$ cat input_9.pdb   # PDB, C-alpha atoms
MODEL        1
ATOM      1  CA  MET A   1     -84.523  26.545 -21.657
ATOM      2  CA  ALA A   2     -85.164  30.226 -21.112
ATOM      3  CA  LEU A   3     -82.803  32.467 -23.031
ATOM      4  CA  GLY A   4     -81.626  35.356 -20.921
ATOM      5  CA  GLU A   5     -79.710  38.520 -21.529
ATOM      6  CA  THR A   6     -77.007  38.882 -24.142
ATOM      7  CA  LEU A   7     -73.705  38.732 -22.263
ATOM      8  CA  ILE A   8     -71.371  39.244 -25.220
ATOM      9  CA  THR A   9     -72.582  40.800 -28.460
ATOM     10  CA  GLU A  10     -71.660  39.693 -31.947
ATOM     11  CA  SER A  11     -69.569  42.843 -32.489
ATOM     12  CA  GLU A  12     -67.759  42.356 -29.166
ATOM     13  CA  ILE A  13     -66.926  38.781 -30.176
ATOM     14  CA  ARG A  14     -65.688  39.885 -33.592
ATOM     15  CA  GLY A  15     -63.481  42.602 -32.083
ATOM     16  CA  ARG A  16     -62.036  40.385 -29.373
ATOM     17  CA  VAL A  17     -61.334  37.510 -31.765
ATOM     18  CA  GLY A  18     -59.303  39.876 -33.947
ATOM     19  CA  THR A  19     -57.318  41.132 -30.955
ATOM     20  CA  LEU A  20     -56.893  37.598 -29.632
ATOM     21  CA  ALA A  21     -55.576  36.421 -33.007
ATOM     22  CA  ARG A  22     -52.872  39.106 -32.871
ATOM     23  CA  GLU A  23     -51.972  38.055 -29.294
ATOM     24  CA  VAL A  24     -51.818  34.373 -30.237
ATOM     25  CA  GLY A  25     -49.853  35.118 -33.407
ATOM     26  CA  ALA A  26     -47.251  37.106 -31.474
ATOM     27  CA  ALA A  27     -46.829  34.258 -28.946
ATOM     28  CA  LEU A  28     -46.532  31.405 -31.438
ATOM     29  CA  PRO A  29     -43.046  30.496 -32.622
ATOM     30  CA  PRO A  30     -42.415  30.514 -36.365
ATOM     31  CA  GLY A  31     -42.644  27.194 -38.128
ATOM     32  CA  ASP A  32     -45.100  24.441 -38.850
ATOM     33  CA  LEU A  33     -48.409  25.202 -37.048
ATOM     34  CA  HIS A  34     -51.107  22.644 -36.335
ATOM     35  CA  CYS A  35     -54.375  23.526 -34.586
ATOM     36  CA  ALA A  36     -56.422  21.027 -32.587
ATOM     37  CA  VAL A  37     -60.044  22.109 -32.127
ATOM     38  CA  VAL A  38     -62.186  20.610 -29.373
ATOM     39  CA  LEU A  39     -65.503  19.578 -30.932
ATOM     40  CA  LYS A  40     -68.206  20.649 -31.350
ATOM     41  CA  SER A  41     -68.688  23.947 -29.562
ATOM     42  CA  ALA A  42     -65.257  25.433 -30.318
ATOM     43  CA  LEU A  43     -65.682  25.099 -34.073
ATOM     44  CA  PHE A  44     -67.291  28.523 -34.633
ATOM     45  CA  PHE A  45     -64.617  30.268 -32.553
ATOM     46  CA  ALA A  46     -61.761  28.313 -34.139
ATOM     47  CA  VAL A  47     -62.774  29.187 -37.703
ATOM     48  CA  ASP A  48     -62.961  32.908 -36.923
ATOM     49  CA  LEU A  49     -59.733  32.829 -34.883
ATOM     50  CA  LEU A  50     -57.753  30.994 -37.568
ATOM     51  CA  ARG A  51     -58.995  33.313 -40.320
ATOM     52  CA  ALA A  52     -57.967  36.321 -38.217
ATOM     53  CA  LEU A  53     -54.617  34.711 -37.390
ATOM     54  CA  GLY A  54     -53.669  34.964 -41.052
ATOM     55  CA  ARG A  55     -51.086  32.209 -40.814
ATOM     56  CA  GLU A  56     -51.019  28.945 -42.684
ATOM     57  CA  ALA A  57     -52.002  26.105 -40.358
ATOM     58  CA  SER A  58     -53.226  22.553 -40.602
ATOM     59  CA  LEU A  59     -56.290  21.517 -38.675
ATOM     60  CA  GLY A  60     -57.259  18.551 -36.533
ATOM     61  CA  PHE A  61     -60.026  17.752 -34.094
ATOM     62  CA  VAL A  62     -60.356  16.410 -30.566
ATOM     63  CA  SER A  63     -63.672  15.048 -29.380
ATOM     64  CA  ALA A  64     -64.267  15.459 -25.669
ATOM     65  CA  SER A  65     -67.126  14.667 -23.347
ATOM     66  CA  SER A  66     -67.319  15.255 -19.623
ATOM     67  CA  TYR A  67     -70.876  16.452 -19.118
ATOM     68  CA  GLY A  68     -72.862  13.409 -20.198
ATOM     69  CA  GLY A  69     -76.507  14.440 -20.235
ATOM     70  CA  GLY A  70     -76.508  17.168 -17.620
ATOM     71  CA  THR A  71     -75.346  20.675 -16.846
ATOM     72  CA  GLU A  72     -72.500  19.688 -14.502
ATOM     73  CA  SER A  73     -69.190  18.125 -15.460
ATOM     74  CA  ALA A  74     -68.839  14.572 -14.221
ATOM     75  CA  GLY A  75     -65.087  15.138 -13.911
ATOM     76  CA  GLU A  76     -64.286  12.120 -16.080
ATOM     77  CA  VAL A  77     -63.302  13.184 -19.598
ATOM     78  CA  ARG A  78     -63.579  10.903 -22.605
ATOM     79  CA  LEU A  79     -61.273  12.033 -25.426
ATOM     80  CA  GLY A  80     -61.171  11.013 -29.046
ATOM     81  CA  LEU A  81     -57.927  11.790 -30.864
ATOM     82  CA  GLU A  82     -58.664   9.887 -34.085
ATOM     83  CA  ALA A  83     -58.951  13.104 -36.134
ATOM     84  CA  VAL A  84     -56.252  15.168 -34.411
ATOM     85  CA  GLY A  85     -53.710  14.765 -37.208
ATOM     86  CA  ARG A  86     -49.923  14.713 -37.023
ATOM     87  CA  VAL A  87     -48.728  16.539 -33.903
ATOM     88  CA  ALA A  88     -45.147  15.340 -33.263
ATOM     89  CA  GLY A  89     -42.529  18.009 -33.848
ATOM     90  CA  ARG A  90     -45.043  20.698 -34.786
ATOM     91  CA  HIS A  91     -46.147  23.836 -32.962
ATOM     92  CA  LEU A  92     -49.618  23.077 -31.637
ATOM     93  CA  LEU A  93     -52.470  25.413 -30.738
ATOM     94  CA  LEU A  94     -55.288  23.752 -28.764
ATOM     95  CA  ILE A  95     -58.551  25.689 -29.206
ATOM     96  CA  ASP A  96     -61.557  25.170 -26.924
ATOM     97  CA  ASP A  97     -64.801  27.009 -26.319
ATOM     98  CA  ILE A  98     -64.935  27.308 -22.552
ATOM     99  CA  LEU A  99     -62.629  26.691 -19.612
ATOM    100  CA  ASP A 100     -64.967  25.764 -16.781
ATOM    101  CA  THR A 101     -63.935  23.102 -14.259
ATOM    102  CA  GLY A 102     -60.684  22.541 -16.138
ATOM    103  CA  HIS A 103     -61.130  18.796 -16.577
ATOM    104  CA  THR A 104     -61.483  18.888 -20.367
ATOM    105  CA  LEU A 105     -58.634  21.302 -21.076
ATOM    106  CA  ALA A 106     -56.288  19.458 -18.697
ATOM    107  CA  ALA A 107     -57.093  16.074 -20.236
ATOM    108  CA  ALA A 108     -56.785  17.328 -23.813
ATOM    109  CA  ARG A 109     -53.554  19.182 -23.103
ATOM    110  CA  GLY A 110     -52.059  16.115 -21.400
ATOM    111  CA  ALA A 111     -53.059  13.768 -24.209
ATOM    112  CA  LEU A 112     -51.682  16.120 -26.851
ATOM    113  CA  GLN A 113     -48.457  16.747 -24.934
ATOM    114  CA  ALA A 114     -47.884  12.972 -24.972
ATOM    115  CA  LEU A 115     -47.840  13.188 -28.798
ATOM    116  CA  ARG A 116     -44.621  15.276 -28.524
ATOM    117  CA  PRO A 117     -45.406  18.607 -30.202
ATOM    118  CA  ALA A 118     -42.558  21.114 -30.570
ATOM    119  CA  SER A 119     -44.648  23.522 -28.471
ATOM    120  CA  LEU A 120     -48.198  23.627 -27.131
ATOM    121  CA  ARG A 121     -50.347  26.690 -26.429
ATOM    122  CA  THR A 122     -53.994  26.797 -25.395
ATOM    123  CA  CYS A 123     -56.677  29.287 -26.378
ATOM    124  CA  VAL A 124     -60.259  29.439 -25.088
ATOM    125  CA  LEU A 125     -63.096  31.761 -25.968
ATOM    126  CA  LEU A 126     -64.585  31.844 -22.456
ATOM    127  CA  ASP A 127     -63.139  31.340 -18.986
ATOM    128  CA  LYS A 128     -65.218  30.721 -15.824
ATOM    129  CA  PRO A 129     -62.523  30.784 -13.121
ATOM    130  CA  SER A 130     -65.076  30.553 -10.297
ATOM    131  CA  ARG A 131     -65.882  26.964 -11.356
ATOM    132  CA  ARG A 132     -62.302  25.656 -11.628
ATOM    133  CA  ARG A 133     -61.750  22.212 -10.081
ATOM    134  CA  VAL A 134     -58.403  21.498 -11.753
ATOM    135  CA  SER A 135     -55.398  23.792 -11.480
ATOM    136  CA  ILE A 136     -55.092  24.942 -15.094
ATOM    137  CA  GLU A 137     -55.144  28.226 -16.966
ATOM    138  CA  ALA A 138     -55.356  28.849 -20.696
ATOM    139  CA  ASP A 139     -52.507  30.693 -22.383
ATOM    140  CA  HIS A 140     -55.004  32.899 -24.217
ATOM    141  CA  VAL A 141     -58.546  33.840 -23.122
ATOM    142  CA  GLY A 142     -61.189  35.702 -25.082
ATOM    143  CA  PHE A 143     -63.557  36.666 -22.266
ATOM    144  CA  THR A 144     -63.786  35.931 -18.554
ATOM    145  CA  ILE A 145     -67.386  35.377 -17.462
ATOM    146  CA  ALA A 146     -69.302  34.769 -14.250
ATOM    147  CA  ASP A 147     -70.754  31.394 -13.283
ATOM    148  CA  VAL A 148     -73.700  31.437 -15.669
ATOM    149  CA  PHE A 149     -74.812  28.849 -18.199
ATOM    150  CA  VAL A 150     -74.329  30.209 -21.726
ATOM    151  CA  VAL A 151     -75.322  29.402 -25.296
ATOM    152  CA  GLY A 152     -74.576  30.845 -28.706
ATOM    153  CA  TYR A 153     -71.563  31.206 -30.995
ATOM    154  CA  GLY A 154     -71.099  27.443 -30.964
ATOM    155  CA  LEU A 155     -72.148  26.723 -27.371
ATOM    156  CA  ASP A 156     -75.319  24.712 -27.168
ATOM    157  CA  CYS A 157     -78.055  23.232 -25.060
ATOM    158  CA  ALA A 158     -78.823  19.730 -26.362
ATOM    159  CA  GLU A 159     -77.565  20.799 -29.827
ATOM    160  CA  ALA A 160     -79.783  23.922 -29.904
ATOM    161  CA  TYR A 161     -78.762  27.586 -30.061
ATOM    162  CA  ARG A 162     -75.259  26.997 -31.486
ATOM    163  CA  THR A 163     -75.916  29.373 -34.380
ATOM    164  CA  LEU A 164     -76.821  32.408 -32.286
ATOM    165  CA  PRO A 165     -74.332  35.113 -33.298
ATOM    166  CA  ASP A 166     -73.825  36.269 -29.712
ATOM    167  CA  ILE A 167     -73.402  34.669 -26.298
ATOM    168  CA  ARG A 168     -76.438  34.618 -24.054
ATOM    169  CA  ALA A 169     -77.205  33.558 -20.516
ATOM    170  CA  CYS A 170     -79.830  30.874 -20.131
ATOM    171  CA  ARG A 171     -81.573  28.700 -17.603
ATOM    172  CA  PRO A 172     -81.542  25.017 -18.583
ATOM    173  CA  GLY A 173     -84.796  23.295 -17.806
ATOM    174  CA  ALA A 174     -86.852  26.505 -17.885
ATOM    175  CA  PRO A 175     -89.172  26.192 -20.881
ATOM    176  CA  SER A 176     -89.218  29.173 -23.195
ATOM    177  CA  ALA A 177     -90.266  27.496 -26.415
ATOM    178  CA  PRO A 178     -92.735  24.752 -27.317
ATOM    179  CA  ASP A 179     -89.919  22.264 -27.927
ATOM    180  CA  ALA A 180     -87.902  23.140 -24.782
ATOM    181  CA  LYS A 181     -89.183  20.092 -22.920
ATOM    182  CA  GLU A 182     -87.622  17.958 -25.682
ATOM    183  CA  ARG A 183     -84.146  19.262 -24.811
ATOM    184  CA  PRO A 184     -83.559  18.038 -21.278
ATOM    185  CA  GLY A 185     -79.813  17.478 -21.426
ATOM    186  CA  CYS A 186     -78.228  20.901 -21.665
ATOM    187  CA  TRP A 187     -74.581  21.563 -20.893
ATOM    188  CA  ASN A 188     -71.606  23.777 -21.673
ATOM    189  CA  GLY A 189     -68.610  21.907 -22.861
TER     190      GLY A 189
ENDMDL
END
$ encode --input "input_9.pdb" --output "C-alpha cells"
Amino acid sequence: MALGETLITESEIRGRVGTLAREVGAALPPGDLHCAVVLKSALFFAVDLLRALGREASLGFVSASSYGGGTESAGEVRLGLEAVGRVAGRHLLLIDDILDTGHTLAAARGALQALRPASLRTCVLLDKPSRRRVSIEADHVGFTIADVFVVGYGLDCAEAYRTLPDIRACRPGAPSAPDAKERPGCWNG
C-alpha cells in the first residue's frame, strides 16, 4: 500500500476531538451514560473523545465486519454484541471510526436500539457521504472527507498503520514497503 498525503494532521484531530466532545456533551441528556465503541478502528478516537468529554461513562464494545478481505463493503454486516454491556434504560453513545456506505452504522444502531436504551446518539470521526448506500447520518461528525481510502489514527490496512498519529490517503495494493505484498486485504471499517 502506498501512503499518500496527510489529509488530517494530528493537531487538527486533537482540536476537532475537543470541539466534538463539547458538542456531544451539550447534546447528551444528564444521567447514566454508556458508550458502545465499534472495534477495532474506532478505539483510538473513542479514548480521546471520552477523555475530552469529561463525563463519567461506562464502556462497551461492538464488533462489526462488513468488508471481509477487500476494500469494498459487502453490504452484509456481522455484529458481535457480547461485550456491549448493559444498555437498557441508559443513555447510549455509539462511537465509530468512519461512516462510509452506512451499512455498519445502520446495523449497529438498529441492534442497539433493540436493547432499549433511554436515548441513542451516534458519533463518527469521519464521514464519506459520497459513498452512502443506506439512508443514515451520524448525529455528530468529526470530519467530512472525499471518497479516498484512509489509514491512521486507528484506521488500518490489514492491521497496519493504525498507530499513525494523523489520517493519510493511501492506495491499497500499491506496494510502498517490502512487506506491502503481505497485506493484500486492506479496508476501511
$ residues_around --input "input_9.pdb" --residues "region 108-116 of chain A" --least-positions-apart "3" --cutoff "8 Å" --atoms "all atoms listed in the file" --output "ChimeraX atom specification"
/A:62,64,79,87-89,94,104-105,120,122
$ write_last_selection --input "input_9.pdb" --atoms "C-alpha atoms" --output "compact mmCIF listing (two decimals), keeping the file's coordinate frame"
# COMPACT_ATOMS: atom_id res chain seq x y z
CA VAL A 62 -60.36 16.41 -30.57
CA ALA A 64 -64.27 15.46 -25.67
CA LEU A 79 -61.27 12.03 -25.43
CA VAL A 87 -48.73 16.54 -33.90
CA ALA A 88 -45.15 15.34 -33.26
CA GLY A 89 -42.53 18.01 -33.85
CA LEU A 94 -55.29 23.75 -28.76
CA THR A 104 -61.48 18.89 -20.37
CA LEU A 105 -58.63 21.30 -21.08
CA LEU A 120 -48.20 23.63 -27.13
CA THR A 122 -53.99 26.80 -25.40
$ residues_around --input "input_9.pdb" --residues "Pro165 (chain A)" --least-positions-apart "6" --cutoff "9 Å" --atoms "all atoms listed in the file" --output "NGL selection string"
:A and (9-10 or 13 or 152-154)
$ atom_distance --input "input_9.pdb" --atom1 "CA of Pro129 (chain A)" --atom2 "CA of Thr163 (chain A)"
25.2 Å
$ resolve_selection --input "input_9.pdb" --expression "the PyMOL selection byres ((chain A and resi 126) around 6)" --output "PyMOL selection string"
chain A and resi 98+124-125+127+142-144
$ closest_residue --input "input_9.pdb" --among "A:Val148, A:Ala160, A:Ile95, A:Ile136" --to "Ala42 (chain A)" --atoms "only C-alpha atoms"
A:Ile95
$ resolve_selection --input "input_9.pdb" --expression "the PyMOL selection byres ((chain A and resi 101) around 7)" --output "MDAnalysis selection string"
chainID A and resid 99:100 102:103 131:134
$ residues_around --input "input_9.pdb" --residues "Arg90 (chain A)" --least-positions-apart "5" --cutoff "9 Å" --atoms "all atoms listed in the file" --output "JSON, numbers by chain"
{"A": [31, 32, 33, 34, 116, 117, 118, 119, 120]}
$ atom_distance --input "input_9.pdb" --atom1 "CA of Ser11 (chain A)" --atom2 "CA of Leu164 (chain A)"
12.7 Å
$ atom_distance --input "input_9.pdb" --atom1 "CA of Glu159 (chain A)" --atom2 "CA of Val37 (chain A)"
17.7 Å
$ closest_residue --input "input_9.pdb" --among "A:Ser63, A:Leu3, A:Val151, A:Arg86" --to "Lys40 (chain A)" --atoms "all atoms listed in the file"
A:Ser63
$ resolve_selection --input "input_9.pdb" --expression "the PyMOL selection byres ((chain A and resi 14) around 10)" --output "CSV table (one decimal) with C-alpha atoms, keeping the file's coordinate frame"
chain,number,residue,atom,x,y,z
A,9,THR,CA,-72.6,40.8,-28.5
A,10,GLU,CA,-71.7,39.7,-31.9
A,11,SER,CA,-69.6,42.8,-32.5
A,12,GLU,CA,-67.8,42.4,-29.2
A,13,ILE,CA,-66.9,38.8,-30.2
A,15,GLY,CA,-63.5,42.6,-32.1
A,16,ARG,CA,-62.0,40.4,-29.4
A,17,VAL,CA,-61.3,37.5,-31.8
A,18,GLY,CA,-59.3,39.9,-33.9
A,19,THR,CA,-57.3,41.1,-31.0
A,20,LEU,CA,-56.9,37.6,-29.6
A,45,PHE,CA,-64.6,30.3,-32.6
A,48,ASP,CA,-63.0,32.9,-36.9
A,49,LEU,CA,-59.7,32.8,-34.9
A,52,ALA,CA,-58.0,36.3,-38.2
A,165,PRO,CA,-74.3,35.1,-33.3
A,166,ASP,CA,-73.8,36.3,-29.7
